[in-house]
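To keep things clear, I will list the structure first and then write my remarks on it.
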Amino acid sequence: MKVTSVEAVAVQGLAAPWMFCIIRTDDGITGYSEFGEGLVANGMAGLVKDLSRFIVGQDPRQVEKLYMDMFRGTQSVYGGATWQAMAGIELALWDVKAKALGVPVYELFGGPTRTEQRVYWSHLATYQAGSAEKLGAKPIKSLDDACKLVEEAKAAGYDCFKTNILIPAEKGQPWTGIRQGRSGPHDQPLTRELLNTAVRQIKAFRETAGPEMDICLDVNVNFKAAGQIRLGQALAEHDLFWMEIDNLDAKSLRMVKDHAGVPICSGEQKLGPINYLPYYEERAMDVVKVDVQWQGFTPARNAAKMAEVFDMNIAPHNFNGHLSTFQSMNLCASINNVLISESDPAQVKWRDELVTHVPEIKNGRVTIPTRPGWGTDLDEKALKKYAVKL
Ligand SMILES: [Mg+2]
């Protein structure tokens, strides 16, 4: 079998395009993947095109060899977006190989280790606060509106959700959320106002959720370490499942973990086990975020297996289209150290159209797929319909 083409497609997402990679072969098997950060869609698509020189004409089933060809061949542009584009290709190659053997991807790695996976309702109230119109949802204009979503998650059977700090507006105006450094000046201050806002929100969410639900708060890159510690201490009485932080320095994260008084989850942007290692050695995280779409399957799995050695569980980062959920479920079904995985119940309406199968989710549990490959194909007609022109 030989690869005849490698292609990257960008499709309209909620905040940024979703990226998909399509690998075609001369014996009719097509491999699909969802990958990378759509914020840099033009760069991602260009990188996949550049990397295809290592793949076209090769046997797609030698996934490890081809990955190493790309890895060694791009040492002069090490890491970052290059690795994310390599992930797109690697993931699509696993899909080809598993389909060629007629098995799910996790079967290639000794799975399944489970038949279902607990997931949390992610971006609860965050997406509705920022993109109500795109979601066909009601805008959030009060804390009561946000608490209704907690009730909705509970009624749907979820026992865990994650939110971000919501920013109140003038009475009757839609609220917004803070994510990814949009909190204002790059001093990243935790102001008294933000601290009080966060405490009011989490207190109300805990009262609505009751003691049986787990609550996570993602603060991304919005505060420096001192602010993270202060926020954690102020929220500790509401029993967070974790506070999530995007961090670039293992020692500062260890300091936060030691003093914040809440469990710390981090790691979603780390690519490959080598970049997780300083955090593991520092014991800087309670829960390790691992993104399959950004790293590729083998690097993500290796990072997860290494976390197991350090006595930690992982939580897959998964906020894109459905194919990324299938990829993440294949990771969960191939390892033994998963705390919980991410899931976005509220999303743009066309997300379902992009795949031939949607994930089966019941009572906050995803059924591990059993179909060959990832467990779903992409609908290429739908990809064209919602494509973003690059
Ligand atoms: Mg996060």
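Each chain in the structure tokens gets a letter, A, B and so on, in the order shown; residues start at 1 in every chain, and ligands are counted from 1 in the order they appear.
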
All residues within 12 Å of ligand 1 are required, counting only C-alpha atoms and all ligand atoms; please report them as a PyMOL selection string. chain A and resi 122-123+162-164+179-180+216-222+242-247+264-270+287-291+315-319+341-343

Export N, CA, C and O atoms of the chosen residues as a compact mmCIF listing (two decimals), in the first residue's frame?
```txt
# COMPACT_ATOMS: atom_id res chain seq x y z
N SER A 122 -17.72 20.44 29.34
CA SER A 122 -16.73 21.51 29.35
C SER A 122 -17.30 22.84 28.85
O SER A 122 -18.32 22.87 28.16
N HIS A 123 -16.61 23.90 29.20
CA HIS A 123 -16.99 25.27 28.79
C HIS A 123 -18.43 25.58 29.17
O HIS A 123 -19.13 26.28 28.43
N LYS A 162 -16.85 21.77 33.72
CA LYS A 162 -15.77 22.76 33.81
C LYS A 162 -16.26 24.08 33.27
O LYS A 162 -17.02 24.12 32.29
N THR A 163 -15.85 25.14 33.91
CA THR A 163 -16.26 26.47 33.49
C THR A 163 -15.05 27.41 33.48
O THR A 163 -13.95 27.00 33.82
N ASN A 164 -15.29 28.62 33.04
CA ASN A 164 -14.28 29.68 33.09
C ASN A 164 -14.91 30.85 33.84
O ASN A 164 -16.13 30.86 34.05
N ARG A 179 -11.04 33.95 28.64
CA ARG A 179 -10.26 32.77 28.25
C ARG A 179 -9.02 33.24 27.53
O ARG A 179 -9.03 34.27 26.86
N GLN A 180 -7.99 32.48 27.61
CA GLN A 180 -6.78 32.67 26.81
C GLN A 180 -6.29 34.11 26.76
O GLN A 180 -6.13 34.70 25.70
N CYS A 216 -14.74 21.97 37.87
CA CYS A 216 -13.39 22.41 37.49
C CYS A 216 -13.48 23.85 37.01
O CYS A 216 -14.48 24.26 36.41
N LEU A 217 -12.41 24.60 37.25
CA LEU A 217 -12.32 25.97 36.74
C LEU A 217 -11.03 26.08 35.93
O LEU A 217 -9.96 25.73 36.41
N ASP A 218 -11.16 26.54 34.69
CA ASP A 218 -9.99 26.72 33.83
C ASP A 218 -9.65 28.20 33.78
O ASP A 218 -10.48 29.01 33.34
N VAL A 219 -8.46 28.57 34.25
CA VAL A 219 -8.06 29.98 34.19
C VAL A 219 -7.04 30.23 33.08
O VAL A 219 -6.55 31.36 32.93
N ASN A 220 -6.71 29.19 32.33
CA ASN A 220 -5.82 29.31 31.17
C ASN A 220 -4.56 30.13 31.50
O ASN A 220 -3.83 29.77 32.40
N VAL A 221 -4.36 31.22 30.77
CA VAL A 221 -3.12 32.00 30.94
C VAL A 221 -3.42 33.36 31.58
O VAL A 221 -2.66 34.30 31.43
N ASN A 222 -4.54 33.44 32.30
CA ASN A 222 -5.01 34.77 32.70
C ASN A 222 -4.31 35.39 33.90
O ASN A 222 -4.42 36.60 34.11
N TRP A 242 -10.56 20.49 40.13
CA TRP A 242 -9.24 21.04 39.83
C TRP A 242 -9.36 22.49 39.38
O TRP A 242 -10.42 22.92 38.91
N MET A 243 -8.25 23.22 39.54
CA MET A 243 -8.10 24.51 38.87
C MET A 243 -7.09 24.25 37.75
O MET A 243 -6.03 23.67 37.98
N GLU A 244 -7.45 24.67 36.54
CA GLU A 244 -6.62 24.36 35.37
C GLU A 244 -5.83 25.59 34.95
O GLU A 244 -6.38 26.69 34.86
N ILE A 245 -4.56 25.37 34.69
CA ILE A 245 -3.63 26.47 34.42
C ILE A 245 -2.77 26.10 33.22
O ILE A 245 -2.28 24.98 33.13
N ASP A 246 -2.58 27.04 32.30
CA ASP A 246 -1.62 26.83 31.21
C ASP A 246 -0.32 27.48 31.63
O ASP A 246 -0.26 28.70 31.79
N ASN A 247 0.70 26.67 31.83
CA ASN A 247 1.92 27.15 32.48
C ASN A 247 3.16 26.84 31.64
O ASN A 247 3.20 25.85 30.92
N ILE A 264 -4.36 20.87 41.06
CA ILE A 264 -3.94 21.61 39.87
C ILE A 264 -3.87 20.65 38.67
O ILE A 264 -3.28 19.58 38.72
N CYS A 265 -4.51 21.09 37.57
CA CYS A 265 -4.44 20.37 36.31
C CYS A 265 -3.73 21.27 35.30
O CYS A 265 -4.00 22.47 35.24
N SER A 266 -2.81 20.70 34.54
CA SER A 266 -2.08 21.51 33.56
C SER A 266 -1.47 20.61 32.50
O SER A 266 -1.44 19.39 32.66
N GLY A 267 -1.02 21.21 31.42
CA GLY A 267 -0.24 20.45 30.44
C GLY A 267 -0.82 20.39 29.04
O GLY A 267 -0.23 19.75 28.17
N GLU A 268 -1.96 21.07 28.79
CA GLU A 268 -2.62 20.85 27.49
C GLU A 268 -1.75 21.24 26.30
O GLU A 268 -1.88 20.66 25.24
N GLN A 269 -0.84 22.23 26.45
CA GLN A 269 -0.04 22.62 25.27
C GLN A 269 1.29 21.91 25.18
O GLN A 269 2.07 22.19 24.27
N LYS A 270 1.58 21.03 26.13
CA LYS A 270 2.87 20.33 26.06
C LYS A 270 2.83 19.32 24.92
O LYS A 270 1.84 18.62 24.73
N VAL A 287 -3.22 16.56 38.07
CA VAL A 287 -3.82 15.91 36.90
C VAL A 287 -3.11 16.43 35.65
O VAL A 287 -2.88 17.64 35.53
N VAL A 288 -2.80 15.53 34.74
CA VAL A 288 -2.02 15.90 33.55
C VAL A 288 -2.94 16.04 32.34
O VAL A 288 -3.60 15.07 31.94
N LYS A 289 -3.01 17.23 31.76
CA LYS A 289 -3.78 17.43 30.52
C LYS A 289 -2.93 16.95 29.34
O LYS A 289 -1.75 17.32 29.21
N VAL A 290 -3.55 16.15 28.49
CA VAL A 290 -2.84 15.58 27.35
C VAL A 290 -3.72 15.79 26.12
O VAL A 290 -4.87 15.35 26.10
N ASP A 291 -3.20 16.48 25.12
CA ASP A 291 -3.99 16.72 23.91
C ASP A 291 -3.50 15.82 22.78
O ASP A 291 -2.36 15.94 22.33
N ALA A 315 -6.00 13.62 31.90
CA ALA A 315 -7.34 14.02 31.44
C ALA A 315 -7.16 14.55 30.02
O ALA A 315 -6.56 15.61 29.84
N PRO A 316 -7.62 13.81 29.00
CA PRO A 316 -7.45 14.31 27.64
C PRO A 316 -8.11 15.68 27.42
O PRO A 316 -9.23 15.92 27.88
N HIS A 317 -7.37 16.55 26.74
CA HIS A 317 -7.86 17.87 26.34
C HIS A 317 -8.58 17.69 25.01
O HIS A 317 -7.99 17.14 24.08
N ASN A 318 -9.82 18.10 24.91
CA ASN A 318 -10.61 17.74 23.74
C ASN A 318 -11.73 18.75 23.55
O ASN A 318 -12.77 18.64 24.19
N PHE A 319 -11.49 19.73 22.69
CA PHE A 319 -12.49 20.81 22.59
C PHE A 319 -12.85 21.13 21.13
O PHE A 319 -13.38 22.18 20.86
N SER A 341 -12.25 12.64 30.92
CA SER A 341 -11.90 13.29 29.65
C SER A 341 -12.84 14.46 29.39
O SER A 341 -13.92 14.55 29.97
N GLU A 342 -12.42 15.33 28.49
CA GLU A 342 -13.19 16.56 28.20
C GLU A 342 -14.23 16.31 27.11
O GLU A 342 -14.02 15.50 26.21
N SER A 343 -15.33 17.02 27.20
CA SER A 343 -16.39 16.90 26.20
C SER A 343 -17.15 18.22 26.13
O SER A 343 -17.41 18.83 27.15
```

Polymer residues at most 9 Å from A:Leu195, only C-alpha atoms, same-chain spacing of 6 or more positions, as a PyMOL selection string: chain A and resi 227+230-231+234

Using N, CA, C and O atoms, can you export the residues from the last selection as a PDB file, in the first residue's frame?
```
ATOM      1  N   GLY A 227      -1.333  35.286  41.522  1.00  0.00           N
ATOM      2  CA  GLY A 227      -2.782  35.391  41.340  1.00  0.00           C
ATOM      3  C   GLY A 227      -3.445  34.025  41.364  1.00  0.00           C
ATOM      4  O   GLY A 227      -4.540  33.856  41.916  1.00  0.00           O
ATOM      5  N   ARG A 230      -3.686  32.929  44.983  1.00  0.00           N
ATOM      6  CA  ARG A 230      -4.706  33.684  45.714  1.00  0.00           C
ATOM      7  C   ARG A 230      -6.109  33.201  45.326  1.00  0.00           C
ATOM      8  O   ARG A 230      -6.987  33.014  46.169  1.00  0.00           O
ATOM      9  N   LEU A 231      -6.292  32.973  44.033  1.00  0.00           N
ATOM     10  CA  LEU A 231      -7.593  32.511  43.548  1.00  0.00           C
ATOM     11  C   LEU A 231      -7.908  31.117  44.101  1.00  0.00           C
ATOM     12  O   LEU A 231      -9.012  30.858  44.585  1.00  0.00           O
ATOM     13  N   ALA A 234      -8.930  31.270  47.670  1.00  0.00           N
ATOM     14  CA  ALA A 234     -10.273  31.844  47.860  1.00  0.00           C
ATOM     15  C   ALA A 234     -11.381  30.861  47.462  1.00  0.00           C
ATOM     16  O   ALA A 234     -12.495  30.935  47.959  1.00  0.00           O
TER      17      ALA A 234
END
```

Tell me which of A:Leu91, A:Val96, A:Ala307, A:Val199 sits closest to A:Asp59, counting only C-alpha atoms. A:Val96

Select, from A:Glu170, A:Glu353, A:Asp69, A:Asp239, the residue with the minimum atom-to-atom distance to A:Ser142, counting only C-alpha atoms. A:Glu170

I'd like to know which of A:Asp145, A:Gly172, A:Asp377, A:Ile167 is closest to A:Thr208, using only C-alpha atoms. A:Asp145

Which distance in Å separates atom CA of A:Lys305 and atom CA of A:Tyr120, to one decimal? 21.9 Å

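Between A:Phe109 and the residues A:Ser76, A:Gly38, A:Trp94, A:Pro263, the shortest atom-to-atom distance, using only C-alpha atoms, involves A:Trp94.
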
Using only C-alpha atoms, which protein or nucleic acid residues come within 6 Å of stretch 320-337 of chain A? Drop anything in the same chain fewer than 2 positions from it, and give the result as a CSV table (one decimal) with N, CA, C and O atoms, in the first residue's frame.
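New file selection01.csv:
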```csv
chain,number,residue,atom,x,y,z
A,34,GLU,N,-8.2,14.7,13.1
A,34,GLU,CA,-8.5,16.0,13.5
A,34,GLU,C,-7.3,16.5,14.3
A,34,GLU,O,-6.8,15.7,15.1
A,106,TYR,N,-7.0,1.5,19.2
A,106,TYR,CA,-6.6,1.1,20.5
A,106,TYR,C,-6.1,-0.4,20.5
A,106,TYR,O,-5.3,-0.8,21.3
A,109,PHE,N,-2.6,-1.0,20.4
A,109,PHE,CA,-1.8,-0.7,21.6
A,109,PHE,C,-2.2,-1.5,22.8
A,109,PHE,O,-2.1,-1.1,23.9
A,111,GLY,N,-5.3,-2.4,23.7
A,111,GLY,CA,-6.6,-2.1,24.3
A,111,GLY,C,-7.7,-3.1,23.8
A,111,GLY,O,-7.3,-4.0,23.0
A,112,PRO,N,-8.9,-2.9,24.2
A,112,PRO,CA,-9.4,-1.8,25.1
A,112,PRO,C,-9.2,-2.1,26.6
A,112,PRO,O,-9.3,-3.2,27.0
A,113,THR,N,-8.8,-1.0,27.2
A,113,THR,CA,-8.6,-1.1,28.7
A,113,THR,C,-9.9,-0.7,29.4
A,113,THR,O,-10.0,-0.8,30.6
A,114,ARG,N,-10.9,-0.3,28.6
A,114,ARG,CA,-12.2,0.1,29.2
A,114,ARG,C,-13.3,0.0,28.1
A,114,ARG,O,-13.0,0.0,26.9
A,313,ASN,N,-2.7,10.5,37.0
A,313,ASN,CA,-3.7,10.3,36.0
A,313,ASN,C,-3.7,11.4,35.0
A,313,ASN,O,-3.4,12.6,35.4
A,374,TRP,N,-10.6,5.1,13.9
A,374,TRP,CA,-11.0,5.9,15.1
A,374,TRP,C,-12.4,5.6,15.5
A,374,TRP,O,-12.7,5.9,16.7
```

Could you name the residues that touch A:Ala41 at 9 Å or less, counting only C-alpha atoms, but leaving out those on the same chain fewer than 2 positions away, as a count of residues only? 15

Measuring between only C-alpha atoms, which one of A:Pro168, A:Gly177, A:Gly130, A:Gly272 shows the shortest distance to A:Ala15? A:Gly130

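If you measure from each of A:Arg118, A:Lys99, A:Lys257, A:Lys251 to A:Gly232 using only C-alpha atoms, the closest one turns out to be A:Lys257.
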
Contacts of stretch 361-369 of chain A at 6 Å (only C-alpha atoms; same-chain gap of 2+ positions) as number ranges by chain: A: 115-119, 157-158, 371, 375

Same residues, C-alpha atoms, output as a PDB file, in the first residue's frame:
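The resulting selection.pdb:
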```pdb
ATOM      1  CA  THR A 115     -15.641  -0.009  27.550  1.00  0.00           C
ATOM      2  CA  GLU A 116     -16.705   3.506  28.523  1.00  0.00           C
ATOM      3  CA  GLN A 117     -15.069   6.725  29.655  1.00  0.00           C
ATOM      4  CA  ARG A 118     -16.307   9.318  32.134  1.00  0.00           C
ATOM      5  CA  VAL A 119     -16.341  12.805  30.597  1.00  0.00           C
ATOM      6  CA  GLY A 157     -26.519  12.869  33.803  1.00  0.00           C
ATOM      7  CA  TYR A 158     -23.108  14.542  33.972  1.00  0.00           C
ATOM      8  CA  ARG A 371     -15.506   0.279  14.539  1.00  0.00           C
ATOM      9  CA  GLY A 375     -14.570   4.767  14.952  1.00  0.00           C
TER      10      GLY A 375
END
```

Between atom CA of A:Met213 and atom CA of A:Phe161, what is the distance in Å, rounded to a tenth? 7.8 Å

Can you pull out the residues contacting A:Ala129? Cut-off 9 Å, using only C-alpha atoms, and skip same-chain residues under 5 positions away; I want them as a VMD selection string. chain A and resid 138 to 141 146 166 to 167 174 to 177

Selection export as a PDB file, in the first residue's frame, atoms kept: C-alpha atoms:
```pdb
ATOM      1  CA  LYS A 138     -29.866  31.819  25.212  1.00  0.00           C
ATOM      2  CA  PRO A 139     -27.342  34.505  26.149  1.00  0.00           C
ATOM      3  CA  ILE A 140     -26.232  34.645  29.773  1.00  0.00           C
ATOM      4  CA  LYS A 141     -27.358  37.823  31.447  1.00  0.00           C
ATOM      5  CA  ALA A 146     -25.469  30.451  34.204  1.00  0.00           C
ATOM      6  CA  LEU A 166     -17.700  34.831  33.574  1.00  0.00           C
ATOM      7  CA  ILE A 167     -17.585  38.593  33.352  1.00  0.00           C
ATOM      8  CA  PRO A 174     -25.007  39.520  27.741  1.00  0.00           C
ATOM      9  CA  TRP A 175     -22.109  38.430  29.945  1.00  0.00           C
ATOM     10  CA  THR A 176     -18.786  37.340  28.498  1.00  0.00           C
ATOM     11  CA  GLY A 177     -16.149  34.835  29.600  1.00  0.00           C
TER      12      GLY A 177
END
```

Could you pull out the residues in stretch 58-147 of chain A that DSSP calls strand (DSSP E) from the backbone, as a VMD selection string? chain A and resid 116 to 121

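In this structure, atom CA of A:Ile89 sits 18.6 Å away from atom CA of A:Leu101.
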